[in-house]
Amino acid sequence: MGELLGKNMLAGKTRRVVNKLLATFFITLLAIGVLIPFIYMISASFKTIGQLNSQPLELIVEGMTFRNYQKVLALRDPTFLRYYSNSLKISVICVLCELLTSSMAGYAFARIQFRGREIIFMLYLITMMIPFQAIMVPQFMVFHYLKIYNTHWALILPRMCTIFGTFMMRQYFMGIPLELSEAARIDGAGEFKTFFGVMLPLAKPSLSTLGIITFVWRWNEYEAPLIFISNKNLYTLPLALVNFVDDVGKQQDTVIIAAAVCALLPMILVFFLGQKYIIEGMVSGSVKG
């Protein structure tokens with residue numbers, strides 16, 4: 001009996017090991033499939049047109065050059081760095097404002113009892129069903145009346161607080177034990193002190209995730225800048241890249257790829273800086289008690 005039990009345990013352990021190895025293998029294949037186009041794009045940004053169109057495709061060729069990046073940085077009227085600074089300003093301001101407003105709104109909906117809280121929150125969520133295309137004309141009229149059309153404020157103000165961010169932070173705060181906030185109140189802390197001193201530090205993983213998502217959305221946003229910005233000096237990177245393609249033409253594909261690589265760098269940097277908190281949130285959320 002004991003020998004049979006030992007064999008069953010060994011067989012079960014072997015199956016678990018095999019399943020983990022298979023899962024690791026398939027995840028690795030998936031990761032390679034995702035990374036190959038990105039790696040080839042970086043390689044192509046250092047090539048000439050002839051090397052890019054040569055067959056067979058090669059990741060590393062002789063005579064790779066930084067000339068494509070020099071052409072991108074040499075762009076004038078305005079400079080590529082101006083587009084960079086525009087996108088960076090809008091993205092950073094939107095991230096900071098959304099983290100503050102969404103965390104406060106999420107805390108209020110999760111922990112503060114007030115009349116009609118659930119109904120107001122439900123109505124707030126329903127507005128997510130309204131597409132941007134349905135409100136862009138009213139927004140345009142409002143921005144024109146407020147004299148912020150063709151300014152960066154037209155891109156910043158509507159995105160200082162989002163429904164998605166509020167919902168995400170509310171769900172996170174609801175998962176934090178009530179005893180923590182109750183203990184703070186017993187010690188004499190008010191709502192603001194409880195929020196900033198107790199709840200907000202615990203929400204770092206969720207805040208980091210929301211910050212990364214918001215940064216990527218704002219950095220890649222194209223439709224709103226296309227509608228609300230007409231001054232070329234105020235263009236964001238996505239809008240500038242489209243015009244850049246029209247300006248340089250199809251004979252400069254490698255220069256266009258180099259510009260796209262430059263546009264991707266901030267998102268990669270933000271992800272690597274914030275992935276620690278994302279993983280921390282996943283680990284802490286999987287541990288009970």
# chains A, B, ... in the order shown; residues from 1 in each chain; ligands from 1
$ closest_atom_pairs --of "stretch 157-243 of chain A" --to "stretch 84-98 of chain A" --cutoff "7 Å" --atoms "only C-alpha atoms" --output "JSON lines"
{"residue": "A:Arg159", "atom": "CA", "partner": "A:Cys94", "partner_atom": "CA", "distance": 6.2}
{"residue": "A:Met160", "atom": "CA", "partner": "A:Glu98", "partner_atom": "CA", "distance": 4.9}
{"residue": "A:Cys161", "atom": "CA", "partner": "A:Glu98", "partner_atom": "CA", "distance": 4.8}
{"residue": "A:Thr162", "atom": "CA", "partner": "A:Glu98", "partner_atom": "CA", "distance": 6.9}
{"residue": "A:Gly211", "atom": "CA", "partner": "A:Val95", "partner_atom": "CA", "distance": 5.7}
{"residue": "A:Thr214", "atom": "CA", "partner": "A:Val95", "partner_atom": "CA", "distance": 5.9}
{"residue": "A:Phe215", "atom": "CA", "partner": "A:Ser91", "partner_atom": "CA", "distance": 5.5}
{"residue": "A:Arg218", "atom": "CA", "partner": "A:Ser91", "partner_atom": "CA", "distance": 5.3}
{"residue": "A:Trp219", "atom": "CA", "partner": "A:Ser91", "partner_atom": "CA", "distance": 5.9}
{"residue": "A:Leu234", "atom": "CA", "partner": "A:Asn86", "partner_atom": "CA", "distance": 6.5}
{"residue": "A:Tyr235", "atom": "CA", "partner": "A:Asn86", "partner_atom": "CA", "distance": 6.9}
{"residue": "A:Thr236", "atom": "CA", "partner": "A:Ser87", "partner_atom": "CA", "distance": 4.9}
{"residue": "A:Leu237", "atom": "CA", "partner": "A:Ser87", "partner_atom": "CA", "distance": 6.1}
$ write_last_selection --atoms "N, CA, C and O atoms" --output "compact mmCIF listing (two decimals), in the first residue's frame"
# COMPACT_ATOMS: atom_id res chain seq x y z
N ARG A 159 -8.72 64.45 -19.57
CA ARG A 159 -8.09 63.19 -19.17
C ARG A 159 -7.44 63.27 -17.79
O ARG A 159 -6.63 62.41 -17.44
N MET A 160 -7.78 64.29 -17.03
CA MET A 160 -7.24 64.42 -15.68
C MET A 160 -7.90 63.44 -14.72
O MET A 160 -7.37 63.14 -13.65
N CYS A 161 -9.07 62.95 -15.08
CA CYS A 161 -9.74 61.91 -14.30
C CYS A 161 -10.51 61.03 -15.27
O CYS A 161 -11.26 61.54 -16.11
N THR A 162 -10.33 59.72 -15.18
CA THR A 162 -11.00 58.81 -16.11
C THR A 162 -11.85 57.80 -15.35
O THR A 162 -11.60 57.50 -14.18
N GLY A 211 -0.64 54.06 -13.74
CA GLY A 211 0.25 55.06 -14.33
C GLY A 211 0.84 54.59 -15.65
O GLY A 211 0.91 55.37 -16.61
N THR A 214 -1.99 54.55 -18.29
CA THR A 214 -2.33 55.93 -18.67
C THR A 214 -1.25 56.54 -19.55
O THR A 214 -1.55 57.21 -20.54
N PHE A 215 0.00 56.33 -19.18
CA PHE A 215 1.10 56.89 -19.97
C PHE A 215 1.08 56.34 -21.39
O PHE A 215 1.25 57.10 -22.36
N ARG A 218 -1.92 57.91 -23.33
CA ARG A 218 -1.72 59.32 -23.68
C ARG A 218 -0.59 59.47 -24.68
O ARG A 218 -0.64 60.33 -25.56
N TRP A 219 0.45 58.67 -24.55
CA TRP A 219 1.59 58.77 -25.46
C TRP A 219 1.20 58.36 -26.88
O TRP A 219 1.67 58.95 -27.86
N LEU A 234 2.68 72.41 -31.73
CA LEU A 234 2.04 71.75 -30.59
C LEU A 234 1.76 70.28 -30.85
O LEU A 234 1.17 69.61 -30.00
N TYR A 235 2.16 69.77 -32.00
CA TYR A 235 1.89 68.37 -32.35
C TYR A 235 2.51 67.42 -31.32
O TYR A 235 3.60 67.67 -30.79
N THR A 236 1.81 66.30 -31.08
CA THR A 236 2.38 65.21 -30.30
C THR A 236 3.07 64.23 -31.25
O THR A 236 2.92 64.33 -32.47
N LEU A 237 3.79 63.28 -30.69
CA LEU A 237 4.58 62.37 -31.53
C LEU A 237 3.74 61.56 -32.52
O LEU A 237 4.13 61.45 -33.70
$ select_by_dssp --residues "stretch 74-173 of chain A" --states "alpha helix (DSSP H)" --output "count of residues only"
72
$ residues_around --residues "stretch 69-80 of chain A" --least-positions-apart "5" --cutoff "7 Å" --atoms "only C-alpha atoms" --output "PyMOL selection string"
chain A and resi 233+255+258-259
$ atom_distance --atom1 "atom CA of A:Ile186" --atom2 "atom CA of A:Ala203"
21.3 Å
$ atom_distance --atom1 "atom CA of A:Pro238" --atom2 "atom CA of A:Leu264"
10.6 Å
$ atom_distance --atom1 "atom CA of A:Lys47" --atom2 "atom CA of A:Phe271"
27.1 Å
$ closest_atom_pairs --of "stretch 244-269 of chain A" --to "stretch 24-44 of chain A" --cutoff "12 Å" --atoms "only C-alpha atoms" --output "JSON lines"
{"residue": "A:Gln252", "atom": "CA", "partner": "A:Ala44", "partner_atom": "CA", "distance": 11.7}
{"residue": "A:Asp253", "atom": "CA", "partner": "A:Ala44", "partner_atom": "CA", "distance": 9.1}
{"residue": "A:Thr254", "atom": "CA", "partner": "A:Ala44", "partner_atom": "CA", "distance": 6.3}
{"residue": "A:Val255", "atom": "CA", "partner": "A:Ala44", "partner_atom": "CA", "distance": 9.3}
{"residue": "A:Ile256", "atom": "CA", "partner": "A:Ala44", "partner_atom": "CA", "distance": 10.1}
{"residue": "A:Ile257", "atom": "CA", "partner": "A:Met41", "partner_atom": "CA", "distance": 6.7}
{"residue": "A:Ala258", "atom": "CA", "partner": "A:Ile42", "partner_atom": "CA", "distance": 7.5}
{"residue": "A:Ala259", "atom": "CA", "partner": "A:Ile42", "partner_atom": "CA", "distance": 10.5}
{"residue": "A:Ala260", "atom": "CA", "partner": "A:Met41", "partner_atom": "CA", "distance": 8.8}
{"residue": "A:Val261", "atom": "CA", "partner": "A:Ile42", "partner_atom": "CA", "distance": 6.6}
{"residue": "A:Cys262", "atom": "CA", "partner": "A:Ile42", "partner_atom": "CA", "distance": 9.8}
{"residue": "A:Ala263", "atom": "CA", "partner": "A:Ile42", "partner_atom": "CA", "distance": 11.9}
{"residue": "A:Leu264", "atom": "CA", "partner": "A:Phe38", "partner_atom": "CA", "distance": 10.2}
{"residue": "A:Leu265", "atom": "CA", "partner": "A:Ile42", "partner_atom": "CA", "distance": 10.9}
{"residue": "A:Ile268", "atom": "CA", "partner": "A:Phe38", "partner_atom": "CA", "distance": 11.6}
$ write_last_selection --atoms "N, CA, C and O atoms" --output "PDB file, in the first residue's frame"
ATOM      1  N   GLN A 252      12.358  56.756 -47.817  1.00  0.00           N
ATOM      2  CA  GLN A 252      13.118  56.916 -46.577  1.00  0.00           C
ATOM      3  C   GLN A 252      12.527  56.031 -45.473  1.00  0.00           C
ATOM      4  O   GLN A 252      12.336  56.466 -44.335  1.00  0.00           O
ATOM      5  N   ASP A 253      12.236  54.783 -45.816  1.00  0.00           N
ATOM      6  CA  ASP A 253      11.609  53.876 -44.849  1.00  0.00           C
ATOM      7  C   ASP A 253      12.460  53.686 -43.604  1.00  0.00           C
ATOM      8  O   ASP A 253      11.939  53.587 -42.486  1.00  0.00           O
ATOM      9  N   THR A 254      13.778  53.612 -43.773  1.00  0.00           N
ATOM     10  CA  THR A 254      14.653  53.381 -42.624  1.00  0.00           C
ATOM     11  C   THR A 254      14.637  54.576 -41.662  1.00  0.00           C
ATOM     12  O   THR A 254      14.734  54.407 -40.449  1.00  0.00           O
ATOM     13  N   VAL A 255      14.490  55.776 -42.206  1.00  0.00           N
ATOM     14  CA  VAL A 255      14.401  56.970 -41.354  1.00  0.00           C
ATOM     15  C   VAL A 255      13.088  56.960 -40.577  1.00  0.00           C
ATOM     16  O   VAL A 255      13.040  57.294 -39.390  1.00  0.00           O
ATOM     17  N   ILE A 256      12.017  56.544 -41.234  1.00  0.00           N
ATOM     18  CA  ILE A 256      10.710  56.454 -40.573  1.00  0.00           C
ATOM     19  C   ILE A 256      10.759  55.417 -39.450  1.00  0.00           C
ATOM     20  O   ILE A 256      10.211  55.624 -38.357  1.00  0.00           O
ATOM     21  N   ILE A 257      11.408  54.289 -39.706  1.00  0.00           N
ATOM     22  CA  ILE A 257      11.539  53.250 -38.677  1.00  0.00           C
ATOM     23  C   ILE A 257      12.354  53.769 -37.499  1.00  0.00           C
ATOM     24  O   ILE A 257      12.029  53.504 -36.328  1.00  0.00           O
ATOM     25  N   ALA A 258      13.418  54.527 -37.783  1.00  0.00           N
ATOM     26  CA  ALA A 258      14.229  55.104 -36.702  1.00  0.00           C
ATOM     27  C   ALA A 258      13.393  56.060 -35.850  1.00  0.00           C
ATOM     28  O   ALA A 258      13.503  56.079 -34.619  1.00  0.00           O
ATOM     29  N   ALA A 259      12.537  56.847 -36.496  1.00  0.00           N
ATOM     30  CA  ALA A 259      11.659  57.755 -35.754  1.00  0.00           C
ATOM     31  C   ALA A 259      10.680  56.973 -34.894  1.00  0.00           C
ATOM     32  O   ALA A 259      10.382  57.354 -33.755  1.00  0.00           O
ATOM     33  N   ALA A 260      10.155  55.853 -35.413  1.00  0.00           N
ATOM     34  CA  ALA A 260       9.234  55.018 -34.638  1.00  0.00           C
ATOM     35  C   ALA A 260       9.928  54.398 -33.434  1.00  0.00           C
ATOM     36  O   ALA A 260       9.347  54.295 -32.349  1.00  0.00           O
ATOM     37  N   VAL A 261      11.185  53.991 -33.608  1.00  0.00           N
ATOM     38  CA  VAL A 261      11.953  53.435 -32.479  1.00  0.00           C
ATOM     39  C   VAL A 261      12.140  54.499 -31.400  1.00  0.00           C
ATOM     40  O   VAL A 261      11.999  54.225 -30.202  1.00  0.00           O
ATOM     41  N   CYS A 262      12.461  55.706 -31.822  1.00  0.00           N
ATOM     42  CA  CYS A 262      12.610  56.801 -30.853  1.00  0.00           C
ATOM     43  C   CYS A 262      11.314  57.041 -30.084  1.00  0.00           C
ATOM     44  O   CYS A 262      11.336  57.330 -28.882  1.00  0.00           O
ATOM     45  N   ALA A 263      10.181  56.912 -30.773  1.00  0.00           N
ATOM     46  CA  ALA A 263       8.892  57.124 -30.121  1.00  0.00           C
ATOM     47  C   ALA A 263       8.563  56.011 -29.128  1.00  0.00           C
ATOM     48  O   ALA A 263       7.811  56.233 -28.171  1.00  0.00           O
ATOM     49  N   LEU A 264       9.125  54.823 -29.323  1.00  0.00           N
ATOM     50  CA  LEU A 264       8.849  53.696 -28.429  1.00  0.00           C
ATOM     51  C   LEU A 264       9.679  53.718 -27.149  1.00  0.00           C
ATOM     52  O   LEU A 264       9.282  53.122 -26.147  1.00  0.00           O
ATOM     53  N   LEU A 265      10.808  54.379 -27.175  1.00  0.00           N
ATOM     54  CA  LEU A 265      11.742  54.308 -26.050  1.00  0.00           C
ATOM     55  C   LEU A 265      11.133  54.732 -24.711  1.00  0.00           C
ATOM     56  O   LEU A 265      11.335  54.047 -23.700  1.00  0.00           O
ATOM     57  N   ILE A 268       8.996  51.925 -23.206  1.00  0.00           N
ATOM     58  CA  ILE A 268       9.807  50.811 -22.709  1.00  0.00           C
ATOM     59  C   ILE A 268      10.439  51.179 -21.376  1.00  0.00           C
ATOM     60  O   ILE A 268      10.458  50.380 -20.426  1.00  0.00           O
TER      61      ILE A 268
END
$ residues_around --residues "A:Leu202" --least-positions-apart "3" --cutoff "9 Å" --atoms "only C-alpha atoms" --output "count of residues only"
6
